[in-house]
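Scroll down for the structure; my scribbles are underneath it.
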Amino acid sequence: MLTLFGGRLVQLQGMQSATYKKLAASERLTTVQLHGMRGAIYGAGGVQPLAMTLETFTAVADPTQIKPVAGYPHLDKATVAAKLAPLLDMPAAQVLGKLEHPTSRKNVELKAGLSARTHDAITALNLPGVYLQPVDVRVTPDGSPTANIVGFTNDPGNDGNIIGQSGIELVYNSLLSGHNGSEEAYKGTDGEVIPLEGSSVTPATDGSDITLTIIPALQLEAQQACQQQVAKMHARDCTVVIMNPRTGDILAMAQWPTVSQADIQAGRASVAQATDLPVQNVFDPGSTAKVITAAAALEHGGITPMTAYDIPYGLLRGGLVIHDAEWSPGERYTLAGIIAHSSNVGMAQVAATVSPQLQYQYLRNFGLGQLSGLGLPGESAGILPQPSQWWASEHYTLAYGQGVSVTALQMASVYATLANGGVRVQPRIIAGTTNPSGKYRPAAASPSRRVIQPATASQLIQILQQVPVIDAAGGQPVGNMDGYAIAGKTGTSNESGPNCPKTTPLCEYGSSFIGMAPGDKPQVVVAVNVQAPDKKFGHFGATVAGPVFDQVMNFAVQTLQIPPDGATVPYVRLTAP
C-alpha cells in the first residue's frame, strides 16, 4: 500500500505536476475589465460641463462569506452591518436585514451611488464578503436649461454601457463613448485582485469631449424669460434662439416647457416626451416672413423701398379677401411702410411683382422648407409646398407668412442672413472636440452662400429699424435700448390647434419678435416665438413675444460685451402722398 501511495505521489508531483499547477492557476486566473469613461459635453469655452460621467460604486455582499474565519474570529453579519451602516448612511438594522435575507444566496445589493471617498473607506475595512462594483452615472450639472440640446442617455444598468438616446448624446454617441479594455489577473482567497506582471492587457480608451457653441448664461436667461412669459400669457410654449450671424454659432436655443435628465431618471417623464421645440416644432411665421418676399421684389420686381401702394380695407386675391389687423382710410404706404407697419394688404400687392417660382426660390434660399444643417435628431424641415401645389391665394398669403410652416431655428437663420449682409451661414452648435489625449480640435467653419445682395440687406435692416419706433408710438415699447439701434420685426399668425372647433379651424395664435443688434452692423440675432397665448391676455407679437425679446437682448449684449454703438435710427419714409 505504501508502494502504491508512493507511486501515485511520484505520478502527481513528478509526472503531472505541471498539469495540476496549470489547472490550479486557471481556477484563480480572471479577466478584469478596464473601464473607458464616456466623454463630457461642455458649454462654449469648454469650462462649464453640461453633461459628464461620474464613477460611482455599488456595495454588494456575499452573505455566505461573512462568518468567523482565521484572523477574524468575531466577524459575523451583525458586526459587518454595524461597521458598514455609517458609511452607507443606512440604519444597521436595515443593512443586517439585507445580509440575513438576501435577494439571492450569494449576492445582495446593499447600496448604489456611492462616492469614491466612501469606496475608499469601505475598502479600508477589509471585510470579507463585501465588494464594491464600479458603476458610471451620467449627470447634467446645468439641469433643465440645456436639456433639450444635450439630450438624454439610458440607464446604464448592469452592463455599465451609457448610450445616448436624444440630442447631442445621441448624434455623437460613438464619439462620446469610451471603449473598455481588459487585463488578466489572479484573484486571491479573499477575492482581492492581484495583477500579473507581463500579463495580456488591452487598454481602455475614454471617449472624446465635445464643446458646444451654447453659452450657458444666455441659455438660462432665455429659458427663464420664456418660463415667465408662458405663465403670464397662459401660453402653450415659448422658444428663444440666439445666433451669431457671422459664424452661424447658436449661442442659445432655449424653450419652456422642457424635460430634464433628472425628470427622466426619476420617472416623471420619458424620452418620448422630451421635444426640442426650436428645431422640431413648426408654426406659421406670420409677418416676420415679409422680409423674404420683399427681398425678392427689391431685386427682381422693379421696385424700391420708396415704391408706394394704396392700402384698401380689403383686397381680393385668388378668391381670398385679405385684410390688415389695423386699418385707417386713405392709407398709402411705401414698401418700407408696408413692412414697418406690417400691412398684409400691401405685401399681397408687392408679391404680384414677382413670379410664384421666384418667390418660392427666395423662400428656399433663406432656408425654409429644408433642414438647417444643425444635425440634431428629429429636426423638421418645415412645410413649404412647391408652386404647383399652391392654392390660388397662396402666392399672396406666403408674402405675409401664412401657408408656410417653419421652425424657430429657421426664422432665426433668416434674420441672421440679413444681419450678415445677405450671406447665409449654416447654423452650427459644435465648437470643437477634445480627444482622450487632451488635444482640442476646433470644428470646421460653417459653409456659407450669398442669398441677397448687400444693398438689399442694408435696405431691409434700415426698414426694420423703424419697427421699434412705430411700436413705441403705439404704446408698446419693444426693441428700444439705450445706445443701440435695434432692427426687428413682429409676427402674429392665425393657426389651427388641437382644441380648435370645426367651425373655427384657426383658433390659435403664434406670436413672434425677431431682432438684431447693434445698428447697421449687427453682431447678435434673437428670435422669440410664443405659441397659443390666451387671447384675453394678448396675441400680437409685440405684446406677447416682445417682452421676452427685450429681456434676452439686453442680457445678450451685456454677456457678449457688445458696446453701444450710439447709432440713431435712419430716416426712412414710410408713407407717400
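Here's how to read the names in the C-alpha cells: chain A, B, ... by the order shown, residue numbers from 1 in each chain, ligand numbers from 1 in the order shown.
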
Review point. Near Leu371 of chain A, within 8 Å and counting only C-alpha atoms, which residues show up once chain neighbours fewer than 5 positions away are dropped, as a ChimeraX atom specification?
Key: /A:379-382

Mind writing the picked residues with C-alpha atoms as a PDB file, in the first residue's frame?
```
ATOM      1  CA  GLU A 379     -35.359  68.272 -36.725  1.00  0.00           C
ATOM      2  CA  SER A 380     -38.203  69.330 -39.001  1.00  0.00           C
ATOM      3  CA  ALA A 381     -37.667  70.807 -42.444  1.00  0.00           C
ATOM      4  CA  GLY A 382     -40.919  72.688 -42.056  1.00  0.00           C
TER       5      GLY A 382
END
```

If you take only C-alpha atoms and a cut-off of 10 Å, which residues of segment 73-94 of chain A touch segment 100-124 of chain A, and what are their nearest atom pairs and distances in Å to one decimal, in chain and number order, as a tab-separated table?
```
residue	atom	partner	partner_atom	distance
A:Lys77	CA	A:Glu100	CA	7.5
A:Ala78	CA	A:Glu100	CA	9.3
A:Lys83	CA	A:Ile122	CA	8.8
A:Leu84	CA	A:Ile122	CA	7.2
A:Ala85	CA	A:Leu110	CA	9.9
A:Leu87	CA	A:Thr118	CA	6.4
A:Leu88	CA	A:Lys111	CA	6.9
A:Asp89	CA	A:Lys111	CA	9.4
A:Met90	CA	A:Lys111	CA	8.9
A:Gln94	CA	A:Leu110	CA	9.2
```

Show me, as a tab-separated table, the residues of segment 320-428 of chain A having an atom within 9 Å of segment 550-573 of chain A, each with the closest atom pair and its distance in Å, using only C-alpha atoms.
```
residue	atom	partner	partner_atom	distance
A:Tyr333	CA	A:Arg573	CA	8.9
A:Thr334	CA	A:Arg573	CA	7.2
A:Ala336	CA	A:Arg573	CA	7.2
A:Gly337	CA	A:Arg573	CA	7.3
```

Could the residues in this selection be written to a file with N, CA and C atoms, as a PDB file, in the first residue's frame?
```
ATOM      1  N   TYR A 333     -48.850 103.493 -48.313  1.00  0.00           N
ATOM      2  CA  TYR A 333     -47.545 103.157 -47.768  1.00  0.00           C
ATOM      3  C   TYR A 333     -46.512 102.958 -48.863  1.00  0.00           C
ATOM      4  N   THR A 334     -45.283 103.322 -48.532  1.00  0.00           N
ATOM      5  CA  THR A 334     -44.149 102.863 -49.335  1.00  0.00           C
ATOM      6  C   THR A 334     -43.905 101.389 -48.988  1.00  0.00           C
ATOM      7  N   ALA A 336     -41.315 100.334 -47.638  1.00  0.00           N
ATOM      8  CA  ALA A 336     -40.780 100.412 -46.277  1.00  0.00           C
ATOM      9  C   ALA A 336     -41.910 100.500 -45.266  1.00  0.00           C
ATOM     10  N   GLY A 337     -42.918 101.284 -45.554  1.00  0.00           N
ATOM     11  CA  GLY A 337     -44.057 101.420 -44.657  1.00  0.00           C
ATOM     12  C   GLY A 337     -44.867 100.146 -44.563  1.00  0.00           C
TER      13      GLY A 337
END
```

Practice item. Tell me, in Å to one decimal, how far atom CA of Asn244 of chain A is from atom CA of Ala416 of chain A. Key: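 Computed distance, atom CA of Asn244 of chain A to atom CA of Ala416 of chain A, equals 7.3 Å.
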
Exercise for review: Choose the residue, out of A:Met233, A:Val150, A:Ala82, A:Ile338, that has the smallest atom-to-atom separation from Tyr42 of chain A; count only C-alpha atoms.
Suggested key: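 For Tyr42 of chain A, the nearest of the given residues is A:Val150.
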
At a cut-off of 6 Å, using only C-alpha atoms, what residues contact segment 284-301 of chain A? Leave out same-chain residues fewer than 6 positions from it and give the result as a compact mmCIF listing (two decimals) with C-alpha atoms, in the first residue's frame.
```txt
# COMPACT_ATOMS: atom_id res chain seq x y z
CA THR A 353 -44.32 91.96 -58.76
CA VAL A 354 -42.53 88.57 -58.68
CA ALA A 399 -45.83 87.04 -48.68
CA TYR A 400 -47.00 87.65 -45.12
CA GLY A 401 -46.07 84.26 -43.67
CA GLN A 402 -49.29 82.27 -43.91
CA VAL A 404 -45.64 78.04 -44.82
CA SER A 405 -44.58 76.27 -41.63
CA LYS A 489 -39.96 92.59 -36.78
CA THR A 490 -43.11 91.41 -35.11
CA GLY A 491 -45.15 88.48 -36.33
CA THR A 492 -48.65 87.27 -35.49
CA SER A 493 -50.06 84.19 -37.21
```

What are the nearest atom pairs, with distances in Å to one decimal, for all residues of segment 158-271 of chain A that come at most 9 Å from segment 446-454 of chain A, using only C-alpha atoms, set out by chain and rising residue number as CSV?
```
residue,atom,partner,partner_atom,distance
A:Thr247,CA,A:Ser446,CA,6.9
A:Gly248,CA,A:Ser446,CA,6.8
A:Asp249,CA,A:Ser446,CA,8.7
```

Review point. Which residues, written as a VMD selection string, have at least one atom at most 9 Å from segment 212-214 of chain A, with only C-alpha atoms counted and residues fewer than 6 positions away on the same chain left out?
Key: chain A and resid 41 to 46 146 249 to 253 428 to 433
